[in-house]
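A.B. asks: Structure file protein23.txt (compact mmCIF, C-alpha atoms) right here:
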```txt
# COMPACT_ATOMS: atom_id res chain seq x y z
CA MET A 1 3.07 -5.24 -12.81
CA GLN A 2 2.02 -4.00 -16.24
CA PHE A 3 -1.14 -1.91 -16.36
CA SER A 4 -3.58 -1.25 -19.17
CA GLU A 5 -4.51 2.33 -20.12
CA ASP A 6 -7.80 2.00 -18.24
CA GLU A 7 -6.05 0.64 -15.15
CA ILE A 8 -3.64 3.58 -15.17
CA LEU A 9 -6.58 6.00 -15.35
CA PHE A 10 -8.26 4.18 -12.45
CA ILE A 11 -5.06 4.32 -10.38
CA LYS A 12 -4.81 8.07 -10.98
CA LEU A 13 -8.48 8.55 -10.12
CA CYS A 14 -8.08 6.65 -6.84
CA LYS A 15 -4.86 8.48 -5.97
CA GLY A 16 -6.52 11.84 -6.55
CA LEU A 17 -9.52 10.85 -4.41
CA VAL A 18 -7.23 9.73 -1.57
CA GLN A 19 -5.39 13.06 -1.76
CA ILE A 20 -8.67 14.99 -1.57
CA CYS A 21 -9.68 13.00 1.54
CA ASP A 22 -6.26 13.63 3.06
CA ARG A 23 -6.59 17.37 2.48
CA ILE A 24 -9.93 17.44 4.26
CA ASN A 25 -8.67 15.30 7.13
CA ARG A 26 -5.77 17.73 7.58
CA GLY A 27 -8.23 20.62 7.88
CA GLU A 28 -7.45 21.96 4.40
CA PRO A 29 -9.97 22.68 1.62
CA ALA A 30 -10.57 19.80 -0.77
CA TYR A 31 -10.23 22.16 -3.75
CA LEU A 32 -7.80 25.07 -3.71
CA VAL A 33 -10.16 27.50 -5.41
CA GLU A 34 -7.66 30.36 -5.80
CA ASP A 35 -4.84 28.08 -6.93
CA SER A 36 -3.93 27.62 -10.58
CA GLN A 37 -4.43 23.90 -9.98
CA PRO A 38 -7.29 23.43 -7.50
CA PHE A 39 -7.33 19.62 -7.72
CA PRO A 40 -4.60 17.03 -7.08
CA GLN A 41 -2.51 16.35 -10.21
CA PRO A 42 -3.48 12.66 -10.50
CA LEU A 43 -7.16 13.67 -10.58
CA TYR A 44 -6.47 16.09 -13.45
CA GLU A 45 -4.67 13.37 -15.36
CA ALA A 46 -7.48 10.88 -14.76
CA PHE A 47 -10.08 13.37 -15.94
CA GLN A 48 -8.11 14.28 -19.06
CA GLY A 49 -7.69 10.63 -20.02
CA LEU A 50 -11.31 9.78 -19.30
CA SER A 51 -12.56 12.82 -21.22
CA LEU A 52 -10.76 11.62 -24.33
CA LYS A 53 -12.11 8.10 -23.79
CA TRP A 54 -15.69 9.35 -23.44
CA ILE A 55 -15.54 11.61 -26.49
CA LEU A 56 -14.05 8.89 -28.71
CA ARG A 57 -16.40 6.20 -27.47
CA ASP A 58 -19.63 8.01 -26.65
CA GLU A 59 -19.20 11.28 -28.56
CA GLU A 60 -20.10 13.12 -25.36
CA MET A 61 -18.72 13.76 -21.88
CA ARG A 62 -19.94 11.35 -19.22
CA HIS A 63 -18.92 13.87 -16.54
CA PRO A 64 -18.56 17.48 -17.75
CA ALA A 65 -16.23 18.52 -14.92
CA ILE A 66 -13.88 17.05 -12.32
CA LEU A 67 -16.34 17.86 -9.54
CA CYS A 68 -19.01 15.82 -11.33
CA MET A 69 -16.58 12.90 -11.61
CA VAL A 70 -15.84 13.11 -7.88
CA GLU A 71 -19.58 13.11 -7.16
CA GLY A 72 -19.83 9.97 -9.29
CA ALA A 73 -17.09 8.38 -7.16
CA ARG A 74 -19.18 9.09 -4.06
CA GLU A 75 -22.00 7.09 -5.67
CA SER A 76 -20.22 4.03 -7.12
CA VAL A 77 -17.37 2.84 -9.30
CA GLU A 78 -19.87 2.19 -12.10
CA ALA A 79 -21.11 5.78 -11.89
CA VAL A 80 -17.63 7.08 -12.71
CA GLU A 81 -16.95 4.73 -15.62
CA PRO A 82 -18.60 1.33 -16.28
CA ASP A 83 -15.36 -0.11 -17.69
CA PHE A 84 -13.77 0.32 -14.25
CA SER A 85 -16.18 -2.26 -12.77
CA GLU A 86 -13.91 -5.17 -13.67
CA PHE A 87 -11.12 -3.77 -11.48
CA VAL A 88 -12.97 -4.02 -8.15
CA ASP A 89 -14.81 -6.53 -6.00
CA TYR A 90 -17.85 -4.31 -5.51
CA PRO A 91 -18.49 -1.98 -8.49
CA GLU A 92 -21.78 -0.82 -6.96
CA ASP A 93 -19.99 0.60 -3.89
CA PRO A 94 -18.61 4.16 -3.62
CA LEU A 95 -14.89 4.88 -3.82
CA ILE A 96 -15.13 7.51 -1.08
CA GLY A 97 -17.60 8.13 1.72
CA ASN A 98 -18.41 11.51 3.28
CA MET A 99 -15.47 13.01 1.34
CA THR A 100 -13.07 11.90 4.09
CA ARG A 101 -12.88 8.13 3.87
CA PRO A 102 -11.56 6.33 0.81
CA SER A 103 -12.73 2.75 0.49
CA GLU A 104 -10.27 -0.10 0.92
CA GLU A 105 -10.39 -0.78 -2.80
CA CYS A 106 -9.76 2.90 -3.54
CA GLU A 107 -6.69 2.90 -1.29
CA ALA A 108 -5.47 -0.41 -2.72
CA TRP A 109 -5.48 0.99 -6.25
CA ALA A 110 -4.11 4.37 -5.08
CA SER A 111 -1.09 2.56 -3.61
CA ARG A 112 -0.10 1.51 -7.12
CA TYR A 113 0.58 5.17 -7.92
CA ALA A 114 3.57 5.33 -5.60
CA LEU A 115 4.64 1.71 -5.99
CA ASN A 116 4.39 1.55 -9.78
CA LEU A 117 3.75 4.83 -11.60
CA GLU A 118 6.01 7.01 -9.43
CA ARG A 119 8.58 4.20 -9.26
CA GLU A 120 8.86 4.31 -13.04
CA GLN A 121 9.50 8.06 -12.81
CA ASN A 122 11.89 7.59 -9.84
CA GLN A 123 9.71 9.87 -7.70
CA SER A 124 8.99 7.55 -4.76
CA TYR A 125 11.59 7.59 -1.98
CA ILE A 126 11.73 3.77 -1.73
CA PRO A 127 13.26 3.07 -5.18
CA ARG A 128 15.59 6.03 -4.64
CA LEU A 129 16.64 4.46 -1.34
CA MET A 130 17.46 1.20 -3.14
CA ALA A 131 19.45 3.09 -5.76
CA GLU A 132 21.40 5.00 -3.11
CA ILE A 133 22.22 1.81 -1.19
CA GLU A 134 23.66 0.32 -4.36
CA ARG A 135 25.47 3.52 -5.40
CA LEU A 136 27.08 4.01 -2.00
CA SER A 137 27.81 0.28 -1.55
CA LEU A 138 25.90 0.27 1.74
CA PRO A 139 24.98 -3.12 3.20
CA HIS A 140 21.59 -4.40 2.07
CA SER A 141 20.63 -4.57 5.73
CA THR A 142 20.37 -0.76 5.55
CA TYR A 143 17.13 -1.20 3.60
CA THR A 144 15.74 -3.56 6.24
CA LEU A 145 16.70 -1.19 9.07
CA PHE A 146 15.16 1.76 7.19
CA ARG A 147 11.89 0.02 6.41
CA ARG A 148 11.47 -1.63 9.81
CA PHE A 149 12.08 1.66 11.61
CA ILE A 150 9.32 3.38 9.66
CA ALA A 151 6.91 0.45 10.09
CA GLU A 152 7.43 0.39 13.84
CA ASN A 153 7.69 4.16 14.36
CA PRO A 154 4.84 6.03 12.65
CA PHE A 155 5.36 9.04 14.97
CA PRO A 156 9.10 9.21 15.78
CA SER A 157 10.35 12.03 17.97
CA ASP A 158 13.67 13.74 17.32
CA LEU A 159 15.13 11.70 20.20
CA ILE A 160 13.97 8.39 18.70
CA ILE A 161 15.49 9.32 15.34
CA ALA A 162 18.74 10.40 17.00
CA LEU A 163 18.99 7.08 18.88
CA PHE A 164 18.27 5.18 15.67
CA ARG A 165 21.06 7.05 13.87
CA SER A 166 23.47 6.50 16.76
CA ASN A 167 22.82 2.74 16.80
CA ASN A 168 22.82 2.41 12.99
CA PRO A 169 25.45 4.70 11.39
CA ASP A 170 24.80 3.18 7.93
CA ILE A 171 21.53 5.13 7.93
CA ASP A 172 23.20 8.56 7.86
CA PRO A 173 23.89 8.65 4.07
CA VAL A 174 20.17 8.04 3.40
CA LEU A 175 18.74 10.00 6.32
CA ASP A 176 17.14 12.58 4.02
CA LEU A 177 15.13 9.80 2.36
CA LEU A 178 14.04 8.53 5.77
CA MET A 179 12.71 11.98 6.62
CA GLN A 180 10.72 12.05 3.36
CA ALA A 181 8.56 9.29 4.84
CA TYR A 182 7.16 11.84 7.33
CA ARG A 183 5.57 15.27 7.48
CA ASP A 184 4.38 17.65 10.18
CA ALA A 185 1.61 15.98 12.12
CA PRO A 186 -1.88 16.86 10.86
CA PRO A 187 -4.53 18.25 13.22
CA GLN A 188 -5.75 15.74 15.76
CA SER A 189 -9.18 15.87 17.32
CA GLU A 190 -11.75 13.61 18.91
CA SER A 191 -13.74 13.64 15.67
CA MET A 192 -10.74 12.73 13.50
CA PRO A 193 -8.06 11.00 15.61
CA LEU A 194 -4.96 9.31 14.23
CA CYS A 195 -4.27 5.59 14.49
CA LYS A 196 -1.30 4.85 16.74
CA THR A 197 -0.42 1.72 14.73
CA CYS A 198 -0.38 2.87 11.10
CA GLY A 199 -0.39 6.67 11.37
CA GLY A 200 -3.50 7.10 9.23
CA TYR A 201 -6.86 8.46 10.30
CA LEU A 202 -9.18 6.22 12.27
CA ASP A 203 -12.21 4.68 10.59
CA CYS A 204 -10.38 4.83 7.30
CA ALA A 205 -9.73 2.06 4.78
CA ALA A 206 -7.56 0.30 7.39
CA ARG A 207 -10.42 -0.21 9.81
CA ASP A 208 -10.50 -3.96 9.09
CA ILE A 209 -6.74 -4.49 9.30
CA GLU A 210 -5.87 -6.69 12.25
CA GLY A 211 -4.33 -4.69 15.08
CA CYS A 212 -4.95 -1.37 13.38
CA CYS A 213 -7.26 1.53 14.15
CA GLU A 214 -6.43 2.17 17.79
CA PRO A 215 -6.52 5.87 18.66
CA LEU A 216 -3.28 7.72 19.28
CA GLU A 217 -3.00 9.15 22.77
CA GLY A 218 -1.23 12.44 23.26
CA ARG A 219 0.18 14.90 20.76
CA VAL A 220 2.88 14.26 18.19
CA ASP A 221 4.93 16.57 15.99
CA ARG A 222 5.65 14.19 13.11
CA ALA A 223 3.43 11.73 11.23
CA PRO A 224 3.82 9.54 8.13
CA ILE A 225 2.83 10.87 4.73
CA GLU A 226 -0.14 9.16 3.07
CA ASP A 227 2.05 7.01 0.79
CA THR A 228 4.03 5.78 3.80
CA VAL A 229 0.82 4.75 5.55
CA ILE A 230 -0.71 3.01 2.55
CA CYS A 231 2.36 1.56 0.83
CA LEU A 232 4.75 0.77 3.69
CA ILE A 233 3.33 0.72 7.21
CA ARG A 234 0.04 -1.13 6.67
CA PRO A 235 1.55 -3.82 4.37
CA SER A 236 4.35 -4.32 6.93
CA LEU A 237 1.95 -5.31 9.72
CA ILE A 238 1.45 -8.87 8.42
CA GLU A 239 5.14 -9.16 7.49
CA LEU A 240 6.31 -8.26 10.99
CA ARG A 241 3.62 -10.44 12.54
CA LEU A 242 4.71 -13.46 10.49
CA ALA A 243 8.38 -12.81 11.29
CA ARG A 244 7.68 -12.77 15.03
CA THR A 245 5.58 -15.95 14.86
CA LEU A 246 8.14 -17.89 12.84
CA GLU A 247 11.05 -16.72 15.01
CA LYS A 248 9.18 -17.93 18.12
CA MET A 249 9.02 -21.33 16.39
CA GLY A 250 12.81 -21.34 16.26
CA LEU A 251 13.23 -20.47 12.59
CA GLN A 252 15.72 -18.07 11.08
CA VAL A 253 13.85 -15.21 9.40
CA GLU A 254 15.22 -12.39 7.26
CA LEU A 255 12.88 -9.54 6.40
CA TRP A 256 12.95 -7.99 2.91
CA PRO A 257 16.09 -9.83 1.76
CA GLU A 258 18.28 -8.55 -1.08
CA LEU A 259 16.52 -5.20 -1.28
CA ASP A 260 12.98 -6.56 -1.02
CA LYS A 261 13.11 -9.47 -3.47
CA ALA A 262 10.74 -11.17 -1.01
CA ASP A 263 9.05 -10.16 2.23
CA LEU A 264 10.48 -13.01 4.29
CA LYS A 265 13.33 -15.45 3.74
CA VAL A 266 12.75 -18.36 6.11
CA THR A 267 15.46 -20.95 6.78
CA LEU A 268 14.20 -24.31 8.06
CA PRO A 269 16.20 -26.69 10.30
CA THR A 270 16.76 -28.87 7.22
CA GLY A 271 18.55 -25.96 5.54
CA ASP A 272 15.72 -25.49 3.05
CA ILE A 273 14.74 -21.90 2.36
CA TRP A 274 11.22 -20.63 1.83
CA ALA A 275 10.55 -17.29 0.14
CA ILE A 276 7.32 -15.63 1.26
CA ASP A 277 5.47 -12.58 -0.03
CA ALA A 278 2.71 -11.43 2.32
CA LYS A 279 -0.21 -9.56 0.74
CA ASP A 280 -2.71 -7.57 2.79
CA TRP A 281 -4.80 -5.86 0.14
CA GLY A 282 -8.33 -4.56 0.44
CA SER A 283 -9.23 -5.55 -3.14
CA ALA A 284 -9.24 -9.27 -3.91
CA THR A 285 -9.72 -8.49 -7.60
CA MET A 286 -6.66 -6.27 -7.73
CA LEU A 287 -4.60 -8.75 -5.71
CA ALA A 288 -5.41 -11.59 -8.11
CA ARG A 289 -4.59 -9.43 -11.13
CA GLU A 290 -1.21 -8.55 -9.63
CA LEU A 291 -0.30 -12.06 -8.52
CA ASN A 292 -1.20 -13.41 -11.96
CA GLN A 293 1.79 -11.42 -13.24
CA ASP A 294 3.95 -11.72 -10.14
CA THR A 295 6.65 -14.12 -9.02
CA ILE A 296 9.29 -14.20 -6.28
CA PRO A 297 12.86 -13.78 -7.57
CA ASN A 298 15.53 -16.29 -6.70
CA ILE A 299 16.98 -15.83 -3.22
CA GLY A 300 18.10 -19.43 -2.91
CA GLN A 301 14.68 -20.77 -1.99
CA SER A 302 13.37 -24.29 -2.54
CA GLN A 303 9.74 -23.14 -2.31
CA SER A 304 7.86 -19.86 -2.73
CA PHE A 305 4.48 -18.84 -1.33
CA PHE A 306 2.09 -15.92 -1.27
CA VAL A 307 0.41 -15.41 2.11
CA ILE A 308 -2.85 -13.56 2.86
CA PRO A 309 -3.94 -12.51 6.38
CA ASP A 310 -6.43 -14.78 8.11
CA TYR A 311 -8.92 -11.98 8.63
CA ARG A 312 -9.06 -11.44 4.87
CA TRP A 313 -9.16 -15.13 3.96
CA THR A 314 -12.01 -15.93 6.36
CA ASN A 315 -14.12 -13.39 4.47
CA LEU A 316 -15.73 -15.86 2.05
CA ALA A 317 -16.70 -13.16 -0.46
CA TYR A 318 -13.08 -11.96 -0.57
CA GLN A 319 -11.78 -15.50 -0.89
CA ALA A 320 -14.25 -16.33 -3.67
CA ALA A 321 -13.42 -13.14 -5.59
CA PHE A 322 -9.71 -13.95 -5.38
CA LYS A 323 -9.97 -17.63 -6.30
CA SER A 324 -12.18 -16.92 -9.31
CA ARG A 325 -9.53 -14.57 -10.72
CA TYR A 326 -6.19 -16.03 -9.63
CA LYS A 327 -4.49 -17.92 -12.45
CA GLY A 328 -0.92 -17.91 -11.13
CA ASN A 329 1.35 -20.83 -10.39
CA LEU A 330 2.58 -20.09 -6.87
CA PRO A 331 0.64 -21.49 -3.89
CA VAL A 332 -1.42 -18.98 -1.93
CA PHE A 333 -1.97 -19.65 1.79
CA SER A 334 -3.61 -17.89 4.68
CA GLU A 335 -1.42 -17.11 7.68
CA SER A 336 -2.84 -20.12 9.56
CA GLU A 337 -2.27 -22.43 6.61
CA LEU A 338 1.36 -21.32 6.38
CA ILE A 339 1.96 -21.88 10.10
CA LYS A 340 0.32 -25.30 9.87
CA ARG A 341 2.63 -26.16 6.99
CA VAL A 342 5.67 -25.05 9.00
CA LYS A 343 4.58 -27.14 12.00
CA GLY A 344 4.30 -30.15 9.70
CA VAL A 345 7.91 -29.70 8.59
CA LEU A 346 9.12 -29.25 12.18
CA LYS A 347 7.57 -32.52 13.42
```
Re-express the file's structure as structure tokens.
C.D. replies:
Amino acid sequence: MQFSEDEILFIKLCKGLVQICDRINRGEPAYLVEDSQPFPQPLYEAFQGLSLKWILRDEEMRHPAILCMVEGARESVEAVEPDFSEFVDYPEDPLIGNMTRPSEECEAWASRYALNLEREQNQSYIPRLMAEIERLSLPHSTYTLFRRFIAENPFPSDLIIALFRSNNPDIDPVLDLLMQAYRDAPPQSESMPLCKTCGGYLDCAARDIEGCCEPLEGRVDRAPIEDTVICLIRPSLIELRLARTLEKMGLQVELWPELDKADLKVTLPTGDIWAIDAKDWGSATMLARELNQDTIPNIGQSQSFFVIPDYRWTNLAYQAAFKSRYKGNLPVFSESELIKRVKGVLK
């Protein structure tokens, strides 16, 4: 997806806000006062870009300091910068609450930092994994094994990792990248427990995700980094759910075929292939903007679809915001609509 200059600034703002919340949730200070760089780097970059924008446009600073900009984010998107209002469903809502909980829209835009901006700089471990698989001539199934393991194991013990390596020797050449998906487990307490499904903190932006936000029981030594939670584990929940449902219907399903050209490659009894991209995003506005530029590459399919979780699609405000902005050519279905379509073919 191609981003405008303002969108890039908004992505950096949201990423910096998510990092501040993560610091606090880990029991660390939000601002490292004695450090040469007290704030997260993306927040610096957002503030620098916005400062130039404000001076050129308004001939004055809208927010004289980063702290003032963060306070604006606690009030509303509009309070930070009115031009950012077009990027979200609810510009009057805050981007963070109580300094510990980024909104769904904040996390949705923050995810673009790792998936797009860092990808361009080859900093995210996922594109480096793809490059290593190609360089080492590893089977493409290595990517699927890698991604599925992380999605299904947010808190893997050393034993679980050892068993995974033993059963899947192709993983060994990229094991270091697998370990980059995790970090030492943050503090866990009754006031700020971790979610056993996604690895993030409870009552966070994932609180509405189906099957998410169930408290972790017991202690763990390893947990996913924030980018793994936002960019890999949570988006995988609908993908794995769809795969299980379609397999129970007797269909052949391949997850993330050809190094993630699609989320699911579904082979029907007729031999026809459907390519499916599942999208569980907190911001309908951002989703529509992305899908307007998106397509599903050729993996031999006869039809391609985008699929949105039922719990999102039954939110009429979300659905209306998406439909008013989506101008793409590919059909967009809810999970239920896709399953109904499959049942029609299987009759």
A.B. asks: Could you tell me how far atom CA of Pro186 of chain A sits from atom CA of Ser103 of chain A, in Å to one decimal place?
C.D. replies: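 Distance reported for this atom pair: 20.6 Å.
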A.B. asks: Name the closest residue to Thr100 of chain A among the candidates A:Thr245, A:Thr285, A:Asn25, A:Gln301; distances are taken between atoms, counting only C-alpha atoms.
C.D. replies: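 Using only C-alpha atoms, Thr100 of chain A sits closest to A:Asn25.
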A.B. asks: Go ahead and fit an axis-aligned box to every listed atom of segment 260-276 of chain A plus 4 Å each side, and pass me the centre and edge lengths in Å, one decimal, as lines of an AutoDock Vina configuration file.
C.D. replies:
```
center_x = 12.9
center_y = -17.7
center_z = 3.4
size_x = 19.2
size_y = 30.3
size_z = 21.8
```
A.B. asks: Hey, can you check how far atom CA of Phe164 of chain A sits from atom CA of Leu216 of chain A?
C.D. replies: 22.0 Å
A.B. asks: Give me the residues within 9 Å of Gln252 of chain A as an mmCIF file with C-alpha atoms, in the frame of the given file, counting only C-alpha atoms and dropping any in the same chain fewer than 4 places off.
C.D. replies:
```cif
data_model
loop_
_atom_site.group_PDB
_atom_site.id
_atom_site.type_symbol
_atom_site.label_atom_id
_atom_site.label_comp_id
_atom_site.auth_asym_id
_atom_site.auth_seq_id
_atom_site.Cartn_x
_atom_site.Cartn_y
_atom_site.Cartn_z
ATOM 1 C CA LEU A 246 8.140 -17.890 12.840
ATOM 2 C CA GLU A 247 11.050 -16.720 15.010
ATOM 3 C CA LYS A 265 13.330 -15.450 3.740
ATOM 4 C CA VAL A 266 12.750 -18.360 6.110
ATOM 5 C CA THR A 267 15.460 -20.950 6.780
ATOM 6 C CA LEU A 268 14.200 -24.310 8.060
ATOM 7 C CA PRO A 269 16.200 -26.690 10.300
#
```
A.B. asks: Because the input lacks atoms here, generate N, CA, C and O atoms for segment 254-268 of chain A and report them as a compact mmCIF listing (two decimals), keeping the file's coordinate frame.
C.D. replies:
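Generated file (part.txt):
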```
# COMPACT_ATOMS: atom_id res chain seq x y z
N GLU A 254 14.65 -13.65 7.75
CA GLU A 254 15.22 -12.39 7.26
C GLU A 254 14.12 -11.61 6.56
O GLU A 254 13.47 -12.12 5.64
N LEU A 255 13.91 -10.39 7.00
CA LEU A 255 12.88 -9.54 6.40
C LEU A 255 13.43 -8.80 5.19
O LEU A 255 14.55 -8.29 5.21
N TRP A 256 12.67 -8.75 4.13
CA TRP A 256 12.95 -7.99 2.91
C TRP A 256 14.37 -8.24 2.39
O TRP A 256 15.15 -7.30 2.19
N PRO A 257 14.71 -9.51 2.16
CA PRO A 257 16.09 -9.83 1.76
C PRO A 257 16.45 -9.28 0.38
O PRO A 257 15.58 -9.13 -0.48
N GLU A 258 17.73 -8.99 0.21
CA GLU A 258 18.28 -8.55 -1.08
C GLU A 258 17.46 -7.42 -1.68
O GLU A 258 17.02 -7.46 -2.83
N LEU A 259 17.27 -6.40 -0.85
CA LEU A 259 16.52 -5.20 -1.28
C LEU A 259 15.10 -5.55 -1.72
O LEU A 259 14.62 -5.16 -2.78
N ASP A 260 14.42 -6.31 -0.87
CA ASP A 260 12.98 -6.56 -1.02
C ASP A 260 12.63 -7.50 -2.17
O ASP A 260 11.56 -7.37 -2.77
N LYS A 261 13.49 -8.47 -2.47
CA LYS A 261 13.11 -9.47 -3.47
C LYS A 261 11.97 -10.35 -2.98
O LYS A 261 11.23 -10.93 -3.76
N ALA A 262 11.85 -10.47 -1.65
CA ALA A 262 10.74 -11.17 -1.01
C ALA A 262 10.46 -10.43 0.29
O ALA A 262 11.23 -9.57 0.71
N ASP A 263 9.33 -10.76 0.92
CA ASP A 263 9.05 -10.16 2.23
C ASP A 263 9.78 -10.89 3.35
O ASP A 263 10.28 -10.27 4.28
N LEU A 264 9.80 -12.22 3.28
CA LEU A 264 10.48 -13.01 4.29
C LEU A 264 11.28 -14.13 3.63
O LEU A 264 10.79 -14.81 2.72
N LYS A 265 12.50 -14.30 4.10
CA LYS A 265 13.33 -15.45 3.74
C LYS A 265 13.44 -16.31 4.99
O LYS A 265 14.00 -15.90 6.00
N VAL A 266 12.85 -17.50 4.94
CA VAL A 266 12.75 -18.36 6.11
C VAL A 266 13.63 -19.59 5.91
O VAL A 266 13.48 -20.31 4.92
N THR A 267 14.56 -19.80 6.84
CA THR A 267 15.46 -20.95 6.78
C THR A 267 14.98 -22.01 7.76
O THR A 267 14.88 -21.76 8.97
N LEU A 268 14.68 -23.19 7.25
CA LEU A 268 14.20 -24.31 8.06
C LEU A 268 15.37 -25.08 8.66
O LEU A 268 16.51 -24.97 8.18
```
